[in-house]
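Shown below: query.cif, with mmCIF, C-alpha atoms.
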```cif
data_entry
loop_
_atom_site.label_atom_id
_atom_site.label_comp_id
_atom_site.auth_asym_id
_atom_site.auth_seq_id
_atom_site.Cartn_x
_atom_site.Cartn_y
_atom_site.Cartn_z
CA MET A 198 69.91 -21.93 210.06
CA LEU A 199 69.22 -21.50 213.75
CA TYR A 200 65.54 -20.88 213.07
CA VAL A 201 65.36 -23.80 210.64
CA GLU A 202 66.62 -26.07 213.43
CA LEU A 203 64.02 -24.61 215.79
CA ALA A 204 61.27 -25.24 213.22
CA CYS A 205 62.49 -28.83 212.71
CA ARG A 206 62.55 -29.43 216.45
CA LEU A 207 59.13 -27.95 217.12
CA SER A 208 57.60 -29.75 214.13
CA LEU A 209 58.83 -33.12 215.35
CA ALA A 210 57.76 -32.31 218.89
CA GLY A 211 54.28 -31.33 217.69
CA VAL A 212 53.85 -34.48 215.62
CA LEU A 213 55.11 -36.75 218.40
CA LEU A 214 53.07 -35.11 221.14
CA LEU A 215 49.89 -35.14 219.04
CA ALA A 216 50.49 -38.78 218.06
CA SER A 217 51.08 -39.75 221.68
CA PHE A 218 47.95 -37.93 222.84
CA ALA A 219 45.85 -39.43 220.01
CA LYS A 220 47.04 -42.96 220.77
CA ALA A 221 46.23 -42.49 224.46
CA ARG A 222 42.80 -41.10 223.55
CA THR A 223 41.97 -44.01 221.21
CA LEU A 224 43.64 -46.73 223.23
CA SER A 225 41.67 -49.70 221.87
CA GLU A 226 42.50 -48.91 218.21
CA SER A 227 46.12 -48.28 219.14
CA ARG A 228 46.37 -51.51 221.12
CA TYR A 229 44.85 -53.39 218.16
CA MET A 230 47.48 -51.85 215.86
CA VAL A 231 50.29 -53.10 218.12
CA ALA A 232 48.66 -56.55 218.39
CA VAL A 233 48.51 -56.82 214.58
CA VAL A 234 52.16 -55.74 214.26
CA LEU A 235 53.17 -58.35 216.84
CA LYS A 236 51.16 -61.07 215.11
CA ASP A 237 51.78 -60.29 211.41
CA VAL A 238 55.29 -58.84 211.43
CA LEU A 239 56.97 -60.40 214.45
CA ARG A 240 54.90 -63.62 214.36
CA PHE A 241 54.19 -63.33 218.05
CA GLN A 242 50.77 -63.12 219.64
CA SER A 243 50.28 -61.75 223.15
CA GLN A 244 47.63 -59.42 224.55
CA TYR A 245 49.98 -58.56 227.41
CA LEU A 246 52.69 -57.45 224.97
CA ALA A 247 50.14 -55.48 222.95
CA ARG A 248 49.07 -53.60 226.10
CA SER A 249 52.66 -53.06 227.19
CA GLY A 250 53.76 -52.19 223.66
CA ILE A 251 51.23 -49.42 223.16
CA PHE A 252 52.09 -48.00 226.56
CA LEU A 253 55.77 -47.91 225.56
CA VAL A 254 54.94 -46.26 222.22
CA ILE A 255 52.81 -43.59 223.92
CA VAL A 256 55.48 -42.87 226.54
CA ALA A 257 58.32 -42.88 223.99
CA GLU A 258 56.51 -40.53 221.59
CA GLY A 259 55.42 -38.19 224.36
CA GLY A 260 58.78 -38.30 226.11
CA SER A 261 60.78 -37.54 223.00
CA GLY A 262 58.37 -34.74 222.12
CA ILE A 263 58.87 -33.22 225.56
CA LEU A 264 62.66 -33.55 225.28
CA LEU A 265 62.51 -31.64 222.00
CA VAL A 266 60.43 -28.81 223.47
CA ILE A 267 62.38 -28.17 226.66
CA PRO A 268 65.51 -26.11 225.95
CA GLY A 269 68.72 -27.59 227.28
CA PRO A 270 71.24 -30.37 226.95
CA LEU A 271 68.61 -33.14 226.50
CA ILE A 272 67.45 -31.94 223.07
CA PRO A 273 69.82 -34.30 221.17
CA PHE A 274 68.30 -37.24 223.08
CA GLY A 275 64.85 -36.12 221.95
CA TYR A 276 66.08 -36.01 218.35
CA LEU A 277 67.71 -39.44 218.67
CA ALA A 278 64.58 -40.99 220.19
CA ALA A 279 62.45 -39.46 217.43
CA ILE A 280 64.83 -40.69 214.73
CA VAL A 281 64.87 -44.24 216.13
CA MET A 282 61.06 -44.34 216.46
CA LEU A 283 60.48 -42.90 212.98
CA GLY A 284 63.00 -45.39 211.59
CA ILE A 285 61.07 -48.25 213.19
CA PHE A 286 57.70 -46.87 212.06
CA THR A 287 59.02 -46.38 208.51
CA GLY A 288 60.45 -49.91 208.49
CA LEU A 289 57.10 -51.34 209.59
CA ALA A 290 55.33 -49.43 206.84
CA VAL A 291 57.82 -50.65 204.23
CA VAL A 292 57.47 -54.28 205.41
CA SER A 293 53.68 -53.94 205.39
CA VAL A 294 53.63 -52.56 201.85
CA ARG A 295 56.10 -55.14 200.50
CA LYS A 296 54.31 -58.10 202.07
CA GLY A 297 50.86 -56.78 201.23
CA ASP A 298 49.80 -56.93 204.88
CA LYS A 299 46.95 -54.69 205.95
CA ILE A 300 48.46 -53.45 209.19
CA PRO A 301 46.16 -50.80 210.63
CA CYS A 302 47.66 -47.40 211.34
CA ALA A 303 46.21 -45.56 214.30
CA CYS A 304 49.02 -43.03 214.06
CA PHE A 305 46.90 -40.03 215.00
CA GLY A 306 43.84 -41.65 216.50
CA GLY A 307 40.39 -42.13 215.02
CA ASN A 308 41.05 -42.36 211.27
CA VAL A 309 42.49 -45.89 211.07
CA THR A 310 43.88 -46.84 207.65
CA ALA A 311 46.16 -49.63 206.48
CA LEU A 312 49.86 -48.79 206.28
CA SER A 313 50.73 -47.76 202.73
CA LEU A 314 53.24 -45.83 200.66
CA ARG A 315 51.79 -42.57 201.98
CA HIS A 316 52.88 -43.60 205.48
CA VAL A 317 56.34 -44.45 204.15
CA SER A 318 56.63 -41.02 202.50
CA ARG A 319 55.31 -39.12 205.53
CA ASN A 320 57.58 -40.98 207.96
CA THR A 321 60.58 -40.65 205.67
CA SER A 322 60.00 -36.89 205.48
CA LEU A 323 59.75 -36.67 209.26
CA LEU A 324 62.86 -38.84 209.60
CA ALA A 325 64.77 -36.46 207.30
CA LEU A 326 63.50 -33.54 209.39
CA GLY A 327 64.83 -35.22 212.52
CA ILE A 328 68.23 -36.00 211.06
CA ALA A 329 68.61 -32.49 209.62
CA GLY A 330 67.51 -30.94 212.91
CA LEU A 331 69.96 -33.03 214.93
CA LEU A 332 72.87 -32.14 212.65
CA MET A 333 71.96 -28.44 212.75
CA HIS A 334 71.52 -28.57 216.51
CA PHE A 335 75.10 -29.67 217.03
CA GLN A 336 76.37 -26.88 214.79
CA LEU A 337 74.19 -24.12 216.20
CA ALA A 338 73.53 -25.08 219.81
CA TYR A 339 73.10 -22.35 222.38
CA GLN A 340 73.10 -19.31 220.13
CA SER A 341 70.72 -16.50 220.99
CA LEU A 342 67.39 -16.16 219.20
CA ALA A 343 65.43 -13.07 218.16
CA LEU A 344 61.70 -12.93 218.88
CA ALA A 345 60.70 -12.46 215.23
CA GLY A 346 62.67 -15.55 214.21
CA ILE A 347 61.08 -17.58 217.00
CA VAL A 348 57.59 -16.52 215.92
CA ILE A 349 58.27 -17.48 212.30
CA SER A 350 59.80 -20.81 213.36
CA VAL A 351 56.77 -21.61 215.52
CA GLY A 352 54.45 -20.76 212.62
CA VAL A 353 56.37 -22.99 210.22
CA ALA A 354 56.44 -25.78 212.82
CA CYS A 355 52.65 -25.53 213.26
CA LEU A 356 52.13 -25.77 209.50
CA ILE A 357 54.45 -28.78 209.14
CA THR A 358 52.82 -30.48 212.13
CA LEU A 359 49.32 -29.97 210.71
CA LEU A 360 50.41 -31.28 207.31
CA ALA A 361 51.99 -34.38 208.88
CA VAL A 362 49.04 -35.10 211.16
CA HIS A 363 46.44 -34.66 208.41
CA PHE A 364 48.56 -36.14 205.58
CA ASP A 365 46.19 -39.08 205.01
CA ASP A 366 43.18 -36.76 204.74
CA ILE A 367 45.00 -34.44 202.34
CA VAL A 368 46.07 -37.34 200.10
CA GLU A 369 42.49 -38.67 200.06
CA ILE A 370 41.33 -35.37 198.52
CA PHE A 371 43.54 -35.95 195.48
CA VAL A 372 43.28 -39.73 195.15
CA ASP A 373 40.30 -41.42 193.53
CA GLY A 374 38.55 -43.41 196.24
#
```
This entry written out as structure tokens:
Amino acid sequence: MLYVELACRLSLAGVLLLASFAKARTLSESRYMVAVVLKDVLRFQSQYLARSGIFLVIVAEGGSGILLVIPGPLIPFGYLAAIVMLGIFTGLAVVSVRKGDKIPCACFGGNVTALSLRHVSRNTSLLALGIAGLLMHFQLAYQSLALAGIVISVGVACLITLLAVHFDDIVEIFVDG
């Protein structure tokens, strides 16, 4: 179970760090996404809040990813930050789908699509990964790790991260356009 927790932690860290980097790289699309959320969901329109909001999202995603990577007593805070963010992102996707809004998702940069059920399923899966990882972390914290287990956990985390980041592209392969 120790290596499962490590894979959960590194997967979440990879997804969050890549999302943070992608949002910073494609700042205008990301800022537009926040502006649409403010206007359509919160019924509030402000360019200043859109700029500030995307900065907060980038810092929160990157910061929680870093907290998950660095071994030590701050790991639970990284999990909690990731769980809260994924809960908010999942809630926004659910609201968007239910209301029929076309809120753009610049989750991982360039490929901007409207929030849909695929975003709900991806975020829910990542949320479950975060909750499971946090619960395992408290049970297994500070046990020693073997190199082979670390290597396998890192490999699994890379695979999960790639699947999460490219989820939209993978679904598009199987869905009629």
Name the residues in contact with Glu258 in chain A at a cut-off of 7 Å, using all atoms listed in the file, excluding same-chain residues fewer than 3 positions from it; report them as a compact mmCIF listing (two decimals) with C-alpha atoms, in the frame of the given file.
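Output below, filename part_30.txt:
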```
# COMPACT_ATOMS: atom_id res chain seq x y z
CA LEU A 213 55.11 -36.75 218.40
CA LEU A 214 53.07 -35.11 221.14
CA SER A 217 51.08 -39.75 221.68
CA VAL A 254 54.94 -46.26 222.22
CA ILE A 255 52.81 -43.59 223.92
CA SER A 261 60.78 -37.54 223.00
CA GLY A 262 58.37 -34.74 222.12
```
If we count all atoms listed in the file, what is near range 345-353 of chain A at a cut-off of 12 Å, once residues fewer than 2 positions away on the same chain are taken out, given as an mmCIF file with C-alpha atoms, in the frame of the given file?
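Produced file around-v1.cif, reproduced below:
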```cif
data_model
loop_
_atom_site.group_PDB
_atom_site.id
_atom_site.type_symbol
_atom_site.label_atom_id
_atom_site.label_comp_id
_atom_site.auth_asym_id
_atom_site.auth_seq_id
_atom_site.Cartn_x
_atom_site.Cartn_y
_atom_site.Cartn_z
ATOM 1 C CA MET A 198 69.910 -21.930 210.060
ATOM 2 C CA LEU A 199 69.220 -21.500 213.750
ATOM 3 C CA TYR A 200 65.540 -20.880 213.070
ATOM 4 C CA VAL A 201 65.360 -23.800 210.640
ATOM 5 C CA GLU A 202 66.620 -26.070 213.430
ATOM 6 C CA LEU A 203 64.020 -24.610 215.790
ATOM 7 C CA ALA A 204 61.270 -25.240 213.220
ATOM 8 C CA CYS A 205 62.490 -28.830 212.710
ATOM 9 C CA ARG A 206 62.550 -29.430 216.450
ATOM 10 C CA LEU A 207 59.130 -27.950 217.120
ATOM 11 C CA SER A 208 57.600 -29.750 214.130
ATOM 12 C CA LEU A 209 58.830 -33.120 215.350
ATOM 13 C CA ALA A 210 57.760 -32.310 218.890
ATOM 14 C CA GLY A 211 54.280 -31.330 217.690
ATOM 15 C CA VAL A 266 60.430 -28.810 223.470
ATOM 16 C CA SER A 341 70.720 -16.500 220.990
ATOM 17 C CA LEU A 342 67.390 -16.160 219.200
ATOM 18 C CA ALA A 343 65.430 -13.070 218.160
ATOM 19 C CA CYS A 355 52.650 -25.530 213.260
ATOM 20 C CA LEU A 356 52.130 -25.770 209.500
ATOM 21 C CA ILE A 357 54.450 -28.780 209.140
ATOM 22 C CA THR A 358 52.820 -30.480 212.130
ATOM 23 C CA LEU A 359 49.320 -29.970 210.710
ATOM 24 C CA LEU A 360 50.410 -31.280 207.310
#
```
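Nearest to Ala216 in chain A of all the residues A:Gly259, A:Asp366, A:Arg315, A:Pro270 is A:Gly259, based on only C-alpha atoms.
Comparing the minimum interatomic distances between Leu271 in chain A and each of A:Ala354, A:Leu331, A:Gln340, A:Tyr229, counting only C-alpha atoms, we find that A:Leu331 sits nearest.
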CA of Ile280 in chain A and CA of Leu337 in chain A, how far apart in Å? 19.1 Å
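When the distance limit is 8 Å and only C-alpha atoms are what count, the residues near range 232-246 of chain A, minus those fewer than 2 positions from it on the same chain, are Arg228, Tyr229, Met230, Arg248, Ser249, Gly250, Leu289, Val292, Ser293, Asp298, Ile300 and Pro301 of chain A.
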Closest to Thr310 in chain A among A:Leu253, A:Leu215, A:Ala290, A:Leu324, using all atoms listed in the file? A:Ala290
Here CA of Ala257 in chain A and CA of Val281 in chain A stand apart by 10.3 Å
Explicit residues for the PyMOL selection byres ((chain A and resi 222) around 12) (as a list in words): Leu215, Ala216, Ser217, Phe218, Ala219, Lys220, Ala221, Thr223, Leu224, Ser225, Glu226, Ser227, Arg228, Ile251, Phe252, Ile255, Ala303, Cys304, Phe305, Gly306 and Gly307 of chain A
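For the pair CA of Val317 in chain A and CA of Glu369 in chain A, the interatomic distance is 15.6 Å.
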